[in-house]
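Please read the structure below before turning to the comments.
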Amino acid sequence: MPAYLIALRKEAVRNPDAMAEYQRRSREIKASFDMVPRVVYGEVQALEGAPPDGVILLEFPTAEEARAWYDNPEYQDAVPFRQQAADYDMFIVDGL
C-alpha cells in the first residue's frame, strides 16, 4: 500500500542559506529510495483554516520505506539545516 510523507512549512524561510544546504543534502539522498515527489511547494489554496507556507508530498511504496528515508543517517544529517531554515510539521500517512 502506498504511503505519503507530508511536510508542512508553517512559516516563511527565515534562513535561506540553511535551506539551500538542506535542499542540496536531501536531493542527494533521493536517488537511493523509491520515492516519487507529488507536490513540492505548489500553490496552496486555503479552503478552511490558515494555509501552510509550503507543502511537500512524497509518495513511497510503503510506510516502512517512507520511514526508512526519514530515518536514513544522511537525511538526519540534513535535518538540522531544515530546522534552522523554517518550522515544519512532518508526518507519514498510509494511502489507499
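Labels used: A, B, ... for chains in the order of the C-alpha cells, numbers from 1 for residues in each chain, and numbers from 1 for ligands as shown.
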
Name the residues in contact with Asp77 (chain A) at a cut-off of 12 Å, using only C-alpha atoms, excluding same-chain residues fewer than 2 positions from it; report them as JSON, numbers by chain.
-> {"A": [21, 22, 23, 24, 25, 26, 29, 70, 71, 72, 73, 74, 75, 79, 80, 81, 82, 83]}

Preceding selection exported with N, CA and C atoms as a short mmCIF file (atom, residue, chain, number, x, y, z; two decimals), in the first residue's frame:
```cif
data_model
loop_
_atom_site.label_atom_id
_atom_site.label_comp_id
_atom_site.auth_asym_id
_atom_site.auth_seq_id
_atom_site.Cartn_x
_atom_site.Cartn_y
_atom_site.Cartn_z
N GLU A 21 21.35 24.60 1.94
CA GLU A 21 22.17 23.45 2.34
C GLU A 21 21.31 22.22 2.57
N TYR A 22 20.16 22.40 3.22
CA TYR A 22 19.23 21.28 3.42
C TYR A 22 18.79 20.71 2.07
N GLN A 23 18.41 21.56 1.15
CA GLN A 23 17.94 21.08 -0.15
C GLN A 23 19.05 20.35 -0.90
N ARG A 24 20.25 20.86 -0.85
CA ARG A 24 21.37 20.20 -1.51
C ARG A 24 21.57 18.80 -0.92
N ARG A 25 21.58 18.69 0.38
CA ARG A 25 21.80 17.40 1.02
C ARG A 25 20.65 16.43 0.79
N SER A 26 19.42 16.90 0.90
CA SER A 26 18.28 16.00 0.76
C SER A 26 18.10 15.52 -0.67
N ILE A 29 20.11 12.32 -1.48
CA ILE A 29 19.60 11.08 -0.89
C ILE A 29 18.49 10.47 -1.74
N TYR A 70 13.21 8.83 6.02
CA TYR A 70 13.31 9.84 7.07
C TYR A 70 14.39 9.49 8.08
N ASP A 71 14.50 8.22 8.45
CA ASP A 71 15.47 7.77 9.46
C ASP A 71 16.88 7.59 8.90
N ASN A 72 17.03 7.65 7.58
CA ASN A 72 18.34 7.48 6.95
C ASN A 72 19.34 8.45 7.57
N PRO A 73 20.53 7.96 7.96
CA PRO A 73 21.51 8.85 8.59
C PRO A 73 21.88 10.07 7.75
N GLU A 74 21.94 9.91 6.44
CA GLU A 74 22.25 11.06 5.59
C GLU A 74 21.15 12.12 5.66
N TYR A 75 19.89 11.66 5.67
CA TYR A 75 18.80 12.63 5.79
C TYR A 75 18.83 13.27 7.17
N VAL A 79 18.64 17.30 8.48
CA VAL A 79 17.51 17.84 9.24
C VAL A 79 17.85 19.12 10.02
N PRO A 80 18.98 19.22 10.71
CA PRO A 80 19.26 20.46 11.44
C PRO A 80 19.26 21.71 10.54
N PHE A 81 19.64 21.55 9.29
CA PHE A 81 19.61 22.69 8.37
C PHE A 81 18.17 23.10 8.07
N ARG A 82 17.28 22.12 7.89
CA ARG A 82 15.86 22.43 7.67
C ARG A 82 15.28 23.11 8.90
N GLN A 83 15.64 22.61 10.07
CA GLN A 83 15.11 23.18 11.31
C GLN A 83 15.62 24.60 11.54
#
```

Surrounding residues of Pro52 (chain A) excluding itself and chain neighbours under 4 positions, 10 Å, only C-alpha atoms, as a tab-separated table (two decimals) with N, CA and C atoms, in the first residue's frame:
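Written file, result_32.tsv:
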```
chain	number	residue	atom	x	y	z
A	7	ALA	N	5.12	17.15	4.43
A	7	ALA	CA	5.83	18.18	5.19
A	7	ALA	C	5.10	19.50	4.98
A	8	LEU	N	4.71	20.13	6.06
A	8	LEU	CA	4.03	21.41	6.01
A	8	LEU	C	4.95	22.47	6.60
A	9	ARG	N	5.36	23.41	5.77
A	9	ARG	CA	6.18	24.52	6.27
A	9	ARG	C	5.23	25.55	6.86
A	10	LYS	N	5.40	25.85	8.14
A	10	LYS	CA	4.46	26.68	8.87
A	10	LYS	C	4.69	28.18	8.70
A	11	GLU	N	5.86	28.55	8.22
A	11	GLU	CA	6.20	29.96	8.10
A	11	GLU	C	7.16	30.16	6.95
A	12	ALA	N	7.40	31.39	6.59
A	12	ALA	CA	8.38	31.69	5.53
A	12	ALA	C	9.78	31.30	6.01
A	44	VAL	N	-0.85	26.94	-2.85
A	44	VAL	CA	-1.80	26.45	-1.84
A	44	VAL	C	-3.03	27.33	-1.88
A	45	GLN	N	-4.20	26.71	-1.97
A	45	GLN	CA	-5.47	27.42	-1.93
A	45	GLN	C	-6.19	27.01	-0.66
A	46	ALA	N	-6.24	27.90	0.30
A	46	ALA	CA	-6.88	27.59	1.59
A	46	ALA	C	-8.39	27.49	1.42
A	88	TYR	N	8.55	23.23	10.51
A	88	TYR	CA	7.76	22.29	9.72
A	88	TYR	C	7.00	21.34	10.64
A	89	ASP	N	5.88	20.84	10.15
A	89	ASP	CA	5.24	19.64	10.68
A	89	ASP	C	5.47	18.57	9.63
```

Identify all residues of chain A in strand (DSSP E) (DSSP on the backbone) and supply them as a VMD selection string.
-> chain A and resid 3 to 9 36 to 40 54 to 60 88 to 94

Could you tell me, as number ranges by chain, which residues of chain A DSSP assigns to alpha helix (DSSP H) when given the backbone?
-> A: 16-30, 63-71, 73-85

CA of Gly54 (chain A) to CA of Ala3 (chain A): how many Å, to one decimal?
->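 Distance reported for this atom pair: 19.7 Å.
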
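Closest approach to Arg27 (chain A) from the set A:Glu59, A:Leu96, A:Ala86, A:Ala78 is made by A:Ala78, with distances taken over only C-alpha atoms.
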
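Restricting the calculation to only C-alpha atoms, the smallest distance between Val13 (chain A) and any of A:Asp94, A:Ala66, A:Met1, A:Asp53 is found for A:Asp53.
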
So which one's closest to Met90 (chain A), A:Ala68, A:Val55, A:Gln76, A:Pro2? Using only C-alpha atoms, please.
->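 Closest residue, counting only C-alpha atoms: A:Val55.
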
Figure out the distance between CA of Pro61 (chain A) and CA of Gly42 (chain A), please, to one decimal in Å.
-> 22.4 Å

What's the 6 Å shell around Ile56 (chain A), counting only C-alpha atoms, without same-chain residues fewer than 4 positions away, as a ChimeraX atom specification?
-> /A:6-7,39-41

How would the residues just chosen look if you wrote them out with N, CA and C atoms as an mmCIF file, in the first residue's frame?
```cif
data_model
loop_
_atom_site.group_PDB
_atom_site.id
_atom_site.type_symbol
_atom_site.label_atom_id
_atom_site.label_comp_id
_atom_site.auth_asym_id
_atom_site.auth_seq_id
_atom_site.Cartn_x
_atom_site.Cartn_y
_atom_site.Cartn_z
ATOM 1 N N ILE A 6 4.316 13.791 4.293
ATOM 2 C CA ILE A 6 3.823 15.145 4.098
ATOM 3 C C ILE A 6 4.606 16.080 5.007
ATOM 4 N N ALA A 7 5.118 17.147 4.432
ATOM 5 C CA ALA A 7 5.826 18.179 5.188
ATOM 6 C C ALA A 7 5.101 19.496 4.976
ATOM 7 N N VAL A 39 4.097 16.671 -4.760
ATOM 8 C CA VAL A 39 3.906 18.109 -4.561
ATOM 9 C C VAL A 39 5.185 18.644 -3.948
ATOM 10 N N VAL A 40 5.707 19.717 -4.521
ATOM 11 C CA VAL A 40 6.876 20.385 -3.961
ATOM 12 C C VAL A 40 6.622 21.889 -4.047
ATOM 13 N N TYR A 41 6.067 22.413 -2.988
ATOM 14 C CA TYR A 41 5.805 23.849 -2.853
ATOM 15 C C TYR A 41 4.936 24.417 -3.971
#
```

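Here the question is which of A:Glu64, A:Arg14, A:Pro51, A:Tyr4 gets nearest to Arg38 (chain A) using only C-alpha atoms, and that residue is A:Tyr4.
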
Which polymer residues have any atom within 6 Å of an atom of Leu5 (chain A), counting only C-alpha atoms, with same-chain residues fewer than 4 positions away left out, as an MDAnalysis selection string?
-> chainID A and resid 57:58 91:92

Serialized selection, C-alpha atoms, as an mmCIF file, in the first residue's frame:
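Result saved to part-v2.cif:
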```
data_model
loop_
_atom_site.group_PDB
_atom_site.id
_atom_site.type_symbol
_atom_site.label_atom_id
_atom_site.label_comp_id
_atom_site.auth_asym_id
_atom_site.auth_seq_id
_atom_site.Cartn_x
_atom_site.Cartn_y
_atom_site.Cartn_z
ATOM 1 C CA LEU A 57 4.079 15.430 -0.609
ATOM 2 C CA LEU A 58 6.351 12.463 -1.313
ATOM 3 C CA PHE A 91 4.098 13.016 9.098
ATOM 4 C CA ILE A 92 3.538 9.784 7.177
#
```

Computed gap from CA of Val36 (chain A) to CA of Asn15 (chain A) is 26.8 Å
